[in-house]
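Just below is one structure, and these are the notes that go with it.
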2 protein chains.
Amino acid sequence: LVKVAVDAMGGDYAPGEIVKGAVEALADCPDLTIYLVGKEDLIRQYLEREKFPKERVEIIHAEDVIYGEDNPGLSIKTKKESSMVKAQLMVRDGAADAILSAGNTGALMAGGTLFLGRIQGVSRPALLTIIPAFENDSLVLLDVGANMDARPEQLVQYALMGQLYAQNVLKRDNPSVGLINVGAEHNKGNEQARKAFELIDHEVHNFNGNIEGNEILNGKVDVAVCDGFVGNVLLKTIEGLSKGLFSSLKEEFTRNWINTIGASLLQNSFRGLQERMDESEYGGAPLIGVNGICIKCHGSSKSKAVKMALSKQIHPLVQNRVNDSIEEVLVETNSCRKEA
Amino acid sequence: LVKVAVDAMGGDYAPGEIVKGAVEALADCPDLTIYLVGKEDLIRQYLEREKFPKERVEIIHAEDVIYGEDNPGLSIKTKKESSMVKAQLMVRDGAADAILSAGNTGALMAGGTLFLGRIQGVSRPALLTIIPAFENDSLVLLDVGANMDARPEQLVQYALMGQLYAQNVLKRDNPSVGLINVGAEHNKGNEQARKAFELIDHEVHNFNGNIEGNEILNGKVDVAVCDGFVGNVLLKTIEGLSKGLFSSLKEEFTRNWINTIGASLLQNSFRGLQERMDESEYGGAPLIGVNGICIKCHGSSKSKAVKMALSKQIHPLVQNRVNDSIEEVLVETNSCRKEA
């Protein structure tokens with residue numbers, strides 16, 4: 001059984017799209033149970049529009065909401081009756097295996113660390129995301145924003161957690177790891193990257209060495225590792241560039257009637273490419289390293305993203321007990337380092 | 001008079017495309033004189049194919065070449081007879097105002113700092129580049145790889161140098177600056193970014209605050225500042241994604257005959273967009289902050305990039321005495337900080 005506490009009130013399209021996506025996932029995962037946490041009346045309104053197995057959905061009333069503009073650290077401490085905090089406490093108390101939220105990212109990360117705690121052996125949780133790749137469908141990128149000043153040992157942990165993730169969610173065998181850096185040679189980069197190279201090289205199987213910016217998206221590795229500052233800037237730049245290029249193309253398509261005809265002939269191809277670049281195929285970014293599965297969906301998530309996050313990420317992560325594997329691998333790696 | 005020492009032997013298409021681009025720039029800049037540094041026989045062969053004012057081109061023989069795979073620090077010290085070192089020494093000795101090279105980046109940067117020295121007031125030189133923007137044509141990004149562990153004070157200097165560059169090369173009035181970061185608020189980011197925000201906010205006019213990854217390419221600011229590690233990863237990711245998207249599009253175009261017709265109708269639009277995303281409009285990246293103008297062209301540069309770097313960057317930089325302005329502004333900023 002996989003039990004998920006869904007923060008029904010977080011996100012630009014909450015609760016409608018969140019509720020819709022959550023119940024849609026039930027059809028894909030027969031052993032899934034959903035707790036919709038939030039304002040009961042409102043959730044019930046949206047639930048009435050959907051068809052689903054009633055016994056696998058429960059509403060957990062929460063009076064308050066953490067909004068996007070709320071201070072993360074403060075709101076998780078003061079808004080105890082919010083849907084996000086209540087959902088997290090359900091995971092902490094064992095009533096649910098996972099939380100999904102499209103709400104305030106900072107609050108979810110702060111709450112994840114505070115309420116759920118870290119998996120034994122993990123020094124700092126990371127925000128992980130799956131990005132599209134040109135050659136190899138997709139890859140795992142972490143950290144994209146949880147830890148701004150990562151120590152080299154923490155990058156080793158990201159590599160190991162990313163591998164377990166790629167194995168269980170992307171179904172890769174013996175996933176390869178690359179360290180994001182400015183050149184191929186081991187002595188390239190800043191102090192953090194040089195030290196991290198040495199450690200990862202010793203402690204992680206199938207390490208492909210440094211990868212440069214232009215190699216990330218070609219799918220050369222299954223897991224790309226960097227600190228939260230670099231990863232966050234990188235991820236947002238990729239989103240911005242890809243969005244900008246597609247809207248520049250759309251502008252061109254309506255410039256004159258010849259272009260309009262050409263564009264209509266290519267319509268399917270464009271849609272296909274745009275969908276490939278679309279992150280919602282996996283629906284969200286887990287805060288990996290906390291006790292319990294904690295997935296952040298994009299604030300602009302619609303039902304598809306919520307459904308995908310539940311069926312393609314949360315479900316295999318819970319079912320395969322990935323957090324147990326993380327603990328095992330990290331505790332062993334840490335103890336080997338101490339002995340060395 | 002603007003005198004430029006061109007390393008004719010550096011780059012994938014040297015010396016042919018380098019020589020061609022250099023003499024082509026002469027038509028655009030009537031006060032330009034070119035010194036082609038490298039193997040005399042070889043250069044002469046290529047020169048014979050071109051038409052140009054003979055009195056404005058001189059060959060300076062250099063027996064040796066620094067290759068792409070050479071160790072940067074070692075090669076500039078041991079290969080004294082190389083075209084790159086000879087060209088740099090011409091700038092150091094006042095025989096030329098600027099050096100242009102498409103050769104080994106590390107060697108050019110190491111040599112630039114070693115032979116030319118820093119402008120008074122500059123703590124570390126930065127590699128600067130002009131990247132395309134969707135809304136505002138283009139912007140200045142620095143540092144893209146000279147200084148891996150930049151101190152906050154150094155990011156202030158990048159902001160000031162970037163502004164002078166945007167003024168003189170992009171012809172922007174009162175250029176705005178953004179600090180690349182993970183969020184809008186002043187307390188966001190890693191330690192380096194938080195401290196840099198405070199300093200830039202005090203010491204730089206027209207500071208627009210933090211900009212996130214997705215805002216860089218929309219042209220929100222004229223100058224985007226970050227350390228050399230982040231900038232290098234960022235720049236290469238932009239290149240890789242943009243290249244990947246265009247080649248995915250090209251693949252789609254030949255998938256079937258309907259697509260082929262559609263693509264042929266849209267041909268001009270695609271070419272236009274691809275050219276806009278092409279970096280060669282400004283032709284190269286200066287190492288800014290060294291005594292003398294030092295421009296790195298991409299290893300794969302063809303004649304157009306060399307010509308553009310000469311006419312659109314080196315020429316205005318020398319003519320407007322931008323390095324004098326850098327010295328003036330930086331010395332003043334440094335002394336105000338000491339007094340404060």
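Scheme for the structure tokens: letters A, B, ... for chains in order shown; per-chain residue numbers from 1; ligand numbers from 1 in order shown.
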
| request: Find the residues in chain B near chain A: any atom within 7 Å counts, using only C-alpha atoms. Write them as a PyMOL selection string. | output: chain B and resi 134+148-149+181-182+189-190+212-215+217+229-230+232-234+236-237+239-241+244+252+258-259+262-263+265-266+269

| task | Do a neighbour search on Asn323 (chain B) at 12 Å with only C-alpha atoms, toss out local chain neighbours closer than 4 positions, and write the hits as JSON, numbers by chain. | result | {"B": [97, 98, 118, 119, 120, 121, 122, 125, 160, 161, 162, 164, 165, 168, 286, 287, 288, 289, 290, 291, 292, 293, 294, 314, 316, 317, 318, 319, 327, 328, 329, 330]}

Show me, as a PDB file with all heavy atoms, in the first residue's frame, the residues that have an atom within 12 Å of Pro30 (chain B) when counting only C-alpha atoms, minus same-chain residues fewer than 5 positions from it.
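New file out03.pdb:
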ATOM      1  N   LEU B   1      44.704  55.932 -34.309  1.00  0.00           N
ATOM      2  CA  LEU B   1      45.183  54.668 -34.867  1.00  0.00           C
ATOM      3  C   LEU B   1      44.932  53.513 -33.907  1.00  0.00           C
ATOM      4  O   LEU B   1      45.211  53.609 -32.723  1.00  0.00           O
ATOM      5  CB  LEU B   1      46.691  54.769 -35.142  1.00  0.00           C
ATOM      6  CG  LEU B   1      47.084  54.428 -36.603  1.00  0.00           C
ATOM      7  CD1 LEU B   1      46.567  55.482 -37.585  1.00  0.00           C
ATOM      8  CD2 LEU B   1      48.573  54.252 -36.729  1.00  0.00           C
ATOM      9  N   VAL B   2      44.410  52.431 -34.420  1.00  0.00           N
ATOM     10  CA  VAL B   2      44.154  51.241 -33.615  1.00  0.00           C
ATOM     11  C   VAL B   2      45.011  50.103 -34.163  1.00  0.00           C
ATOM     12  O   VAL B   2      44.843  49.685 -35.305  1.00  0.00           O
ATOM     13  CB  VAL B   2      42.654  50.859 -33.659  1.00  0.00           C
ATOM     14  CG1 VAL B   2      42.405  49.557 -32.924  1.00  0.00           C
ATOM     15  CG2 VAL B   2      41.791  51.982 -33.102  1.00  0.00           C
ATOM     16  N   LYS B   3      45.974  49.634 -33.347  1.00  0.00           N
ATOM     17  CA  LYS B   3      46.902  48.596 -33.810  1.00  0.00           C
ATOM     18  C   LYS B   3      46.630  47.275 -33.087  1.00  0.00           C
ATOM     19  O   LYS B   3      46.683  47.231 -31.853  1.00  0.00           O
ATOM     20  CB  LYS B   3      48.345  49.046 -33.553  1.00  0.00           C
ATOM     21  CG  LYS B   3      48.728  50.289 -34.361  1.00  0.00           C
ATOM     22  CD  LYS B   3      50.089  50.804 -33.959  1.00  0.00           C
ATOM     23  CE  LYS B   3      50.031  51.434 -32.567  1.00  0.00           C
ATOM     24  NZ  LYS B   3      51.342  51.890 -32.071  1.00  0.00           N
ATOM     25  N   VAL B  23      41.796  40.796 -42.383  1.00  0.00           N
ATOM     26  CA  VAL B  23      41.903  41.803 -43.458  1.00  0.00           C
ATOM     27  C   VAL B  23      40.519  42.321 -43.855  1.00  0.00           C
ATOM     28  O   VAL B  23      40.386  43.468 -44.288  1.00  0.00           O
ATOM     29  CB  VAL B  23      42.677  41.281 -44.694  1.00  0.00           C
ATOM     30  CG1 VAL B  23      44.101  40.910 -44.293  1.00  0.00           C
ATOM     31  CG2 VAL B  23      41.984  40.104 -45.354  1.00  0.00           C
ATOM     32  N   GLU B  24      39.496  41.517 -43.658  1.00  0.00           N
ATOM     33  CA  GLU B  24      38.139  42.003 -43.958  1.00  0.00           C
ATOM     34  C   GLU B  24      37.728  43.153 -43.037  1.00  0.00           C
ATOM     35  O   GLU B  24      36.950  44.023 -43.427  1.00  0.00           O
ATOM     36  CB  GLU B  24      37.120  40.858 -43.822  1.00  0.00           C
ATOM     37  CG  GLU B  24      37.036  39.994 -45.070  1.00  0.00           C
ATOM     38  CD  GLU B  24      36.180  38.737 -44.867  1.00  0.00           C
ATOM     39  OE1 GLU B  24      35.631  38.553 -43.767  1.00  0.00           O
ATOM     40  OE2 GLU B  24      36.071  37.952 -45.822  1.00  0.00           O
ATOM     41  N   ALA B  25      38.243  43.138 -41.804  1.00  0.00           N
ATOM     42  CA  ALA B  25      37.883  44.201 -40.855  1.00  0.00           C
ATOM     43  C   ALA B  25      38.455  45.550 -41.275  1.00  0.00           C
ATOM     44  O   ALA B  25      37.953  46.603 -40.872  1.00  0.00           O
ATOM     45  CB  ALA B  25      38.375  43.834 -39.453  1.00  0.00           C
ATOM     46  N   PHE B  52      43.478  43.834 -50.075  1.00  0.00           N
ATOM     47  CA  PHE B  52      43.441  44.702 -48.891  1.00  0.00           C
ATOM     48  C   PHE B  52      44.528  45.762 -49.043  1.00  0.00           C
ATOM     49  O   PHE B  52      45.475  45.595 -49.832  1.00  0.00           O
ATOM     50  CB  PHE B  52      43.669  43.862 -47.629  1.00  0.00           C
ATOM     51  CG  PHE B  52      44.992  43.142 -47.646  1.00  0.00           C
ATOM     52  CD1 PHE B  52      46.114  43.720 -47.060  1.00  0.00           C
ATOM     53  CD2 PHE B  52      45.131  41.897 -48.285  1.00  0.00           C
ATOM     54  CE1 PHE B  52      47.338  43.061 -47.100  1.00  0.00           C
ATOM     55  CE2 PHE B  52      46.345  41.255 -48.318  1.00  0.00           C
ATOM     56  CZ  PHE B  52      47.467  41.828 -47.733  1.00  0.00           C
ATOM     57  N   PRO B  53      44.413  46.850 -48.266  1.00  0.00           N
ATOM     58  CA  PRO B  53      45.433  47.909 -48.315  1.00  0.00           C
ATOM     59  C   PRO B  53      46.739  47.411 -47.678  1.00  0.00           C
ATOM     60  O   PRO B  53      46.814  47.247 -46.457  1.00  0.00           O
ATOM     61  CB  PRO B  53      44.807  49.040 -47.504  1.00  0.00           C
ATOM     62  CG  PRO B  53      43.689  48.433 -46.723  1.00  0.00           C
ATOM     63  CD  PRO B  53      43.277  47.188 -47.395  1.00  0.00           C
ATOM     64  N   GLU B  55      49.596  48.584 -46.876  1.00  0.00           N
ATOM     65  CA  GLU B  55      50.321  49.351 -45.855  1.00  0.00           C
ATOM     66  C   GLU B  55      49.720  49.182 -44.456  1.00  0.00           C
ATOM     67  O   GLU B  55      50.348  49.567 -43.473  1.00  0.00           O
ATOM     68  CB  GLU B  55      50.378  50.828 -46.249  1.00  0.00           C
ATOM     69  CG  GLU B  55      49.065  51.595 -46.167  1.00  0.00           C
ATOM     70  CD  GLU B  55      48.082  51.290 -47.320  1.00  0.00           C
ATOM     71  OE1 GLU B  55      48.391  50.410 -48.165  1.00  0.00           O
ATOM     72  OE2 GLU B  55      47.006  51.911 -47.351  1.00  0.00           O
ATOM     73  N   ARG B  56      48.547  48.566 -44.368  1.00  0.00           N
ATOM     74  CA  ARG B  56      47.911  48.440 -43.055  1.00  0.00           C
ATOM     75  C   ARG B  56      47.999  47.018 -42.497  1.00  0.00           C
ATOM     76  O   ARG B  56      47.387  46.707 -41.471  1.00  0.00           O
ATOM     77  CB  ARG B  56      46.457  48.907 -43.122  1.00  0.00           C
ATOM     78  CG  ARG B  56      46.371  50.425 -43.321  1.00  0.00           C
ATOM     79  CD  ARG B  56      44.978  50.867 -43.725  1.00  0.00           C
ATOM     80  NE  ARG B  56      43.973  50.432 -42.766  1.00  0.00           N
ATOM     81  CZ  ARG B  56      42.677  50.368 -43.055  1.00  0.00           C
ATOM     82  NH1 ARG B  56      42.246  50.661 -44.277  1.00  0.00           N
ATOM     83  NH2 ARG B  56      41.825  49.975 -42.135  1.00  0.00           N
ATOM     84  N   SER B 311      36.065  44.752 -35.448  1.00  0.00           N
ATOM     85  CA  SER B 311      35.362  46.002 -35.735  1.00  0.00           C
ATOM     86  C   SER B 311      34.347  46.376 -34.666  1.00  0.00           C
ATOM     87  O   SER B 311      34.162  47.556 -34.372  1.00  0.00           O
ATOM     88  CB  SER B 311      34.691  45.934 -37.109  1.00  0.00           C
ATOM     89  OG  SER B 311      33.757  44.874 -37.129  1.00  0.00           O
ATOM     90  N   HIS B 315      37.862  47.698 -31.789  1.00  0.00           N
ATOM     91  CA  HIS B 315      37.942  49.069 -32.276  1.00  0.00           C
ATOM     92  C   HIS B 315      37.332  50.085 -31.306  1.00  0.00           C
ATOM     93  O   HIS B 315      38.015  51.028 -30.885  1.00  0.00           O
ATOM     94  CB  HIS B 315      37.320  49.164 -33.680  1.00  0.00           C
ATOM     95  CG  HIS B 315      37.634  50.451 -34.348  1.00  0.00           C
ATOM     96  ND1 HIS B 315      36.773  51.524 -34.288  1.00  0.00           N
ATOM     97  CD2 HIS B 315      38.719  50.858 -35.050  1.00  0.00           C
ATOM     98  CE1 HIS B 315      37.322  52.532 -34.946  1.00  0.00           C
ATOM     99  NE2 HIS B 315      38.496  52.155 -35.423  1.00  0.00           N
TER     100      HIS B 315
END

| field | Which of region 175-239 of chain B fall in alpha helix (DSSP H), as a ChimeraX atom specification | value | /B:191-203,213-216,228-239

Take the residues just selected and output them with N, CA, C and O atoms as an mmCIF file, in the first residue's frame.
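again24.cif was written with the following content:
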data_model
loop_
_atom_site.group_PDB
_atom_site.id
_atom_site.type_symbol
_atom_site.label_atom_id
_atom_site.label_comp_id
_atom_site.auth_asym_id
_atom_site.auth_seq_id
_atom_site.Cartn_x
_atom_site.Cartn_y
_atom_site.Cartn_z
ATOM 1 N N GLU B 191 26.695 32.416 0.290
ATOM 2 C CA GLU B 191 27.345 33.474 1.058
ATOM 3 C C GLU B 191 27.929 34.544 0.133
ATOM 4 O O GLU B 191 27.789 35.742 0.374
ATOM 5 N N GLN B 192 28.590 34.089 -0.926
ATOM 6 C CA GLN B 192 29.198 35.006 -1.891
ATOM 7 C C GLN B 192 28.157 35.965 -2.472
ATOM 8 O O GLN B 192 28.376 37.173 -2.541
ATOM 9 N N ALA B 193 27.021 35.434 -2.888
ATOM 10 C CA ALA B 193 25.997 36.258 -3.531
ATOM 11 C C ALA B 193 25.367 37.232 -2.541
ATOM 12 O O ALA B 193 25.084 38.388 -2.883
ATOM 13 N N ARG B 194 25.140 36.777 -1.305
ATOM 14 C CA ARG B 194 24.518 37.667 -0.323
ATOM 15 C C ARG B 194 25.417 38.861 -0.010
ATOM 16 O O ARG B 194 24.968 39.992 0.075
ATOM 17 N N LYS B 195 26.726 38.588 0.132
ATOM 18 C CA LYS B 195 27.653 39.687 0.411
ATOM 19 C C LYS B 195 27.807 40.586 -0.807
ATOM 20 O O LYS B 195 27.906 41.804 -0.696
ATOM 21 N N ALA B 196 27.855 39.971 -1.985
ATOM 22 C CA ALA B 196 28.016 40.763 -3.212
ATOM 23 C C ALA B 196 26.810 41.679 -3.410
ATOM 24 O O ALA B 196 26.956 42.833 -3.826
ATOM 25 N N PHE B 197 25.614 41.192 -3.082
ATOM 26 C CA PHE B 197 24.411 42.022 -3.222
ATOM 27 C C PHE B 197 24.573 43.316 -2.439
ATOM 28 O O PHE B 197 24.344 44.420 -2.947
ATOM 29 N N GLU B 198 24.996 43.169 -1.199
ATOM 30 C CA GLU B 198 25.138 44.328 -0.325
ATOM 31 C C GLU B 198 26.127 45.344 -0.905
ATOM 32 O O GLU B 198 25.840 46.540 -0.973
ATOM 33 N N LEU B 199 27.292 44.834 -1.339
ATOM 34 C CA LEU B 199 28.319 45.729 -1.868
ATOM 35 C C LEU B 199 27.861 46.395 -3.166
ATOM 36 O O LEU B 199 28.017 47.608 -3.346
ATOM 37 N N ILE B 200 27.321 45.624 -4.086
ATOM 38 C CA ILE B 200 26.907 46.195 -5.371
ATOM 39 C C ILE B 200 25.801 47.221 -5.146
ATOM 40 O O ILE B 200 25.774 48.287 -5.756
ATOM 41 N N ASP B 201 24.908 46.909 -4.233
ATOM 42 C CA ASP B 201 23.812 47.820 -3.930
ATOM 43 C C ASP B 201 24.343 49.182 -3.463
ATOM 44 O O ASP B 201 23.777 50.226 -3.781
ATOM 45 N N HIS B 202 25.434 49.183 -2.729
ATOM 46 C CA HIS B 202 26.025 50.432 -2.245
ATOM 47 C C HIS B 202 26.863 51.132 -3.310
ATOM 48 O O HIS B 202 26.932 52.348 -3.340
ATOM 49 N N GLU B 203 27.544 50.364 -4.137
ATOM 50 C CA GLU B 203 28.650 50.945 -4.902
ATOM 51 C C GLU B 203 28.417 51.051 -6.401
ATOM 52 O O GLU B 203 29.248 51.592 -7.118
ATOM 53 N N GLY B 213 17.836 32.667 -13.167
ATOM 54 C CA GLY B 213 18.220 32.058 -14.438
ATOM 55 C C GLY B 213 17.290 32.386 -15.590
ATOM 56 O O GLY B 213 17.735 32.762 -16.682
ATOM 57 N N ASN B 214 15.992 32.283 -15.340
ATOM 58 C CA ASN B 214 15.032 32.503 -16.417
ATOM 59 C C ASN B 214 14.915 33.967 -16.832
ATOM 60 O O ASN B 214 14.288 34.283 -17.836
ATOM 61 N N GLU B 215 15.515 34.872 -16.062
ATOM 62 C CA GLU B 215 15.441 36.296 -16.400
ATOM 63 C C GLU B 215 16.666 36.783 -17.163
ATOM 64 O O GLU B 215 16.660 37.882 -17.718
ATOM 65 N N ILE B 216 17.726 35.961 -17.181
ATOM 66 C CA ILE B 216 18.973 36.411 -17.804
ATOM 67 C C ILE B 216 18.741 36.703 -19.284
ATOM 68 O O ILE B 216 19.074 37.767 -19.790
ATOM 69 N N GLY B 228 33.173 32.992 -12.095
ATOM 70 C CA GLY B 228 33.587 32.314 -13.319
ATOM 71 C C GLY B 228 33.104 30.882 -13.433
ATOM 72 O O GLY B 228 32.945 30.361 -14.539
ATOM 73 N N PHE B 229 32.834 30.246 -12.322
ATOM 74 C CA PHE B 229 32.341 28.872 -12.348
ATOM 75 C C PHE B 229 30.896 28.850 -12.846
ATOM 76 O O PHE B 229 30.565 28.166 -13.820
ATOM 77 N N VAL B 230 30.053 29.637 -12.200
ATOM 78 C CA VAL B 230 28.638 29.707 -12.585
ATOM 79 C C VAL B 230 28.512 30.196 -14.030
ATOM 80 O O VAL B 230 27.767 29.628 -14.836
ATOM 81 N N GLY B 231 29.263 31.249 -14.365
ATOM 82 C CA GLY B 231 29.155 31.833 -15.704
ATOM 83 C C GLY B 231 29.571 30.874 -16.801
ATOM 84 O O GLY B 231 28.956 30.818 -17.874
ATOM 85 N N ASN B 232 30.609 30.097 -16.533
ATOM 86 C CA ASN B 232 31.084 29.154 -17.539
ATOM 87 C C ASN B 232 30.076 28.030 -17.764
ATOM 88 O O ASN B 232 29.758 27.679 -18.905
ATOM 89 N N VAL B 233 29.559 27.483 -16.673
ATOM 90 C CA VAL B 233 28.559 26.416 -16.784
ATOM 91 C C VAL B 233 27.319 26.946 -17.508
ATOM 92 O O VAL B 233 26.773 26.308 -18.411
ATOM 93 N N LEU B 234 26.913 28.142 -17.124
ATOM 94 C CA LEU B 234 25.739 28.797 -17.699
ATOM 95 C C LEU B 234 25.898 29.004 -19.205
ATOM 96 O O LEU B 234 25.022 28.649 -20.002
ATOM 97 N N LEU B 235 27.007 29.584 -19.584
ATOM 98 C CA LEU B 235 27.236 29.899 -20.998
ATOM 99 C C LEU B 235 27.253 28.636 -21.849
ATOM 100 O O LEU B 235 26.631 28.569 -22.914
ATOM 101 N N LYS B 236 27.942 27.610 -21.358
ATOM 102 C CA LYS B 236 28.021 26.366 -22.136
ATOM 103 C C LYS B 236 26.664 25.658 -22.186
ATOM 104 O O LYS B 236 26.351 24.988 -23.168
ATOM 105 N N THR B 237 25.882 25.790 -21.116
ATOM 106 C CA THR B 237 24.548 25.190 -21.129
ATOM 107 C C THR B 237 23.665 25.890 -22.164
ATOM 108 O O THR B 237 22.923 25.243 -22.908
ATOM 109 N N ILE B 238 23.751 27.207 -22.207
ATOM 110 C CA ILE B 238 22.970 27.965 -23.191
ATOM 111 C C ILE B 238 23.359 27.526 -24.606
ATOM 112 O O ILE B 238 22.497 27.254 -25.445
ATOM 113 N N GLU B 239 24.663 27.432 -24.855
ATOM 114 C CA GLU B 239 25.133 26.995 -26.178
ATOM 115 C C GLU B 239 24.616 25.595 -26.505
ATOM 116 O O GLU B 239 24.134 25.326 -27.594
#

| query | Got a sec: who's within 10 Å of Asp41 (chain A), counting only C-alpha atoms, leaving out chain neighbours fewer than 4 positions off, as an MDAnalysis selection string? | reply | chainID A and resid 45:47 59 61

Those residues with all heavy atoms, as a PDB file, in the first residue's frame please?
ATOM      1  N   GLN A  45     -16.234  20.023  -3.175  1.00  0.00           N
ATOM      2  CA  GLN A  45     -16.816  20.585  -4.402  1.00  0.00           C
ATOM      3  C   GLN A  45     -16.139  20.036  -5.653  1.00  0.00           C
ATOM      4  O   GLN A  45     -16.786  19.666  -6.614  1.00  0.00           O
ATOM      5  CB  GLN A  45     -16.613  22.101  -4.418  1.00  0.00           C
ATOM      6  CG  GLN A  45     -17.763  22.940  -3.920  1.00  0.00           C
ATOM      7  CD  GLN A  45     -17.367  24.408  -3.974  1.00  0.00           C
ATOM      8  OE1 GLN A  45     -16.852  24.886  -4.985  1.00  0.00           O
ATOM      9  NE2 GLN A  45     -17.594  25.097  -2.877  1.00  0.00           N
ATOM     10  N   TYR A  46     -14.819  20.053  -5.622  1.00  0.00           N
ATOM     11  CA  TYR A  46     -14.075  19.591  -6.804  1.00  0.00           C
ATOM     12  C   TYR A  46     -14.132  18.078  -6.946  1.00  0.00           C
ATOM     13  O   TYR A  46     -14.184  17.550  -8.045  1.00  0.00           O
ATOM     14  CB  TYR A  46     -12.620  20.077  -6.743  1.00  0.00           C
ATOM     15  CG  TYR A  46     -12.509  21.540  -7.058  1.00  0.00           C
ATOM     16  CD1 TYR A  46     -12.431  22.484  -6.038  1.00  0.00           C
ATOM     17  CD2 TYR A  46     -12.518  21.983  -8.380  1.00  0.00           C
ATOM     18  CE1 TYR A  46     -12.360  23.834  -6.317  1.00  0.00           C
ATOM     19  CE2 TYR A  46     -12.450  23.332  -8.666  1.00  0.00           C
ATOM     20  CZ  TYR A  46     -12.363  24.263  -7.640  1.00  0.00           C
ATOM     21  OH  TYR A  46     -12.298  25.592  -7.933  1.00  0.00           O
ATOM     22  N   LEU A  47     -14.130  17.390  -5.816  1.00  0.00           N
ATOM     23  CA  LEU A  47     -14.177  15.924  -5.857  1.00  0.00           C
ATOM     24  C   LEU A  47     -15.469  15.428  -6.499  1.00  0.00           C
ATOM     25  O   LEU A  47     -15.476  14.416  -7.204  1.00  0.00           O
ATOM     26  CB  LEU A  47     -14.085  15.352  -4.436  1.00  0.00           C
ATOM     27  CG  LEU A  47     -12.727  14.878  -3.950  1.00  0.00           C
ATOM     28  CD1 LEU A  47     -12.871  14.188  -2.611  1.00  0.00           C
ATOM     29  CD2 LEU A  47     -12.055  13.932  -4.956  1.00  0.00           C
ATOM     30  N   ILE A  59     -10.564  12.975   2.733  1.00  0.00           N
ATOM     31  CA  ILE A  59     -10.264  14.399   2.926  1.00  0.00           C
ATOM     32  C   ILE A  59      -9.834  14.615   4.372  1.00  0.00           C
ATOM     33  O   ILE A  59     -10.492  14.146   5.302  1.00  0.00           O
ATOM     34  CB  ILE A  59     -11.491  15.279   2.626  1.00  0.00           C
ATOM     35  CG1 ILE A  59     -11.967  15.054   1.181  1.00  0.00           C
ATOM     36  CG2 ILE A  59     -11.161  16.761   2.836  1.00  0.00           C
ATOM     37  CD1 ILE A  59     -13.219  15.822   0.813  1.00  0.00           C
ATOM     38  N   HIS A  61      -9.271  17.655   6.791  1.00  0.00           N
ATOM     39  CA  HIS A  61      -9.520  19.096   6.828  1.00  0.00           C
ATOM     40  C   HIS A  61      -8.334  19.863   7.426  1.00  0.00           C
ATOM     41  O   HIS A  61      -7.748  19.481   8.439  1.00  0.00           O
ATOM     42  CB  HIS A  61     -10.776  19.396   7.652  1.00  0.00           C
ATOM     43  CG  HIS A  61     -11.048  20.864   7.730  1.00  0.00           C
ATOM     44  ND1 HIS A  61     -11.428  21.615   6.635  1.00  0.00           N
ATOM     45  CD2 HIS A  61     -10.969  21.738   8.766  1.00  0.00           C
ATOM     46  CE1 HIS A  61     -11.584  22.876   6.991  1.00  0.00           C
ATOM     47  NE2 HIS A  61     -11.295  22.987   8.283  1.00  0.00           N
TER      48      HIS A  61
END

Find the nearest atom pair between each residue of region 271-340 of chain B and region 66-81 of chain B for residues within 12 Å, count only C-alpha atoms, give distances in Å to one decimal, sort rows by chain and ascending number, and present the table as CSV.
residue,atom,partner,partner_atom,distance
B:His298,CA,B:Gly68,CA,11.6
B:Gly299,CA,B:Gly68,CA,8.6
B:Ser300,CA,B:Gly68,CA,11.6

Using the selection just defined, write its residues with C-alpha atoms as a PDB file, in the first residue's frame.
ATOM      1  CA  HIS B 298      35.923  30.794 -30.088  1.00  0.00           C
ATOM      2  CA  GLY B 299      38.182  27.950 -31.247  1.00  0.00           C
ATOM      3  CA  SER B 300      35.761  27.256 -34.086  1.00  0.00           C
TER       4      SER B 300
END

| Exercise: Ala159 (chain A) partners within 9 Å, only C-alpha atoms, chain neighbours under 6 positions left out, as a ChimeraX atom specification | /A:142,177-179,200,204,207,223-225

Take the residues just selected and output them with N, CA and C atoms as a compact mmCIF listing (two decimals), in the first residue's frame.
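Wrote part11.txt, looks like this:
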# COMPACT_ATOMS: atom_id res chain seq x y z
N LEU A 142 20.82 17.30 -9.64
CA LEU A 142 20.68 17.74 -8.26
C LEU A 142 22.00 18.34 -7.78
N VAL A 177 27.40 8.89 -13.33
CA VAL A 177 27.36 10.20 -12.66
C VAL A 177 28.37 11.13 -13.30
N GLY A 178 28.00 12.38 -13.47
CA GLY A 178 28.93 13.42 -13.89
C GLY A 178 28.92 14.56 -12.90
N LEU A 179 30.09 15.15 -12.67
CA LEU A 179 30.18 16.33 -11.81
C LEU A 179 30.18 17.57 -12.70
N ILE A 200 34.34 11.84 -5.13
CA ILE A 200 33.39 11.05 -5.94
C ILE A 200 34.15 9.96 -6.70
N VAL A 204 32.26 6.59 -5.57
CA VAL A 204 31.05 6.37 -6.36
C VAL A 204 31.38 5.51 -7.58
N PHE A 207 31.53 6.63 -12.14
CA PHE A 207 31.73 8.08 -12.20
C PHE A 207 32.38 8.42 -13.54
N VAL A 223 23.11 10.98 -14.15
CA VAL A 223 22.98 11.84 -12.98
C VAL A 223 24.02 12.96 -13.07
N ALA A 224 23.57 14.21 -12.99
CA ALA A 224 24.49 15.35 -12.98
C ALA A 224 24.42 16.03 -11.63
N VAL A 225 25.59 16.26 -11.04
CA VAL A 225 25.67 16.74 -9.66
C VAL A 225 26.29 18.13 -9.59
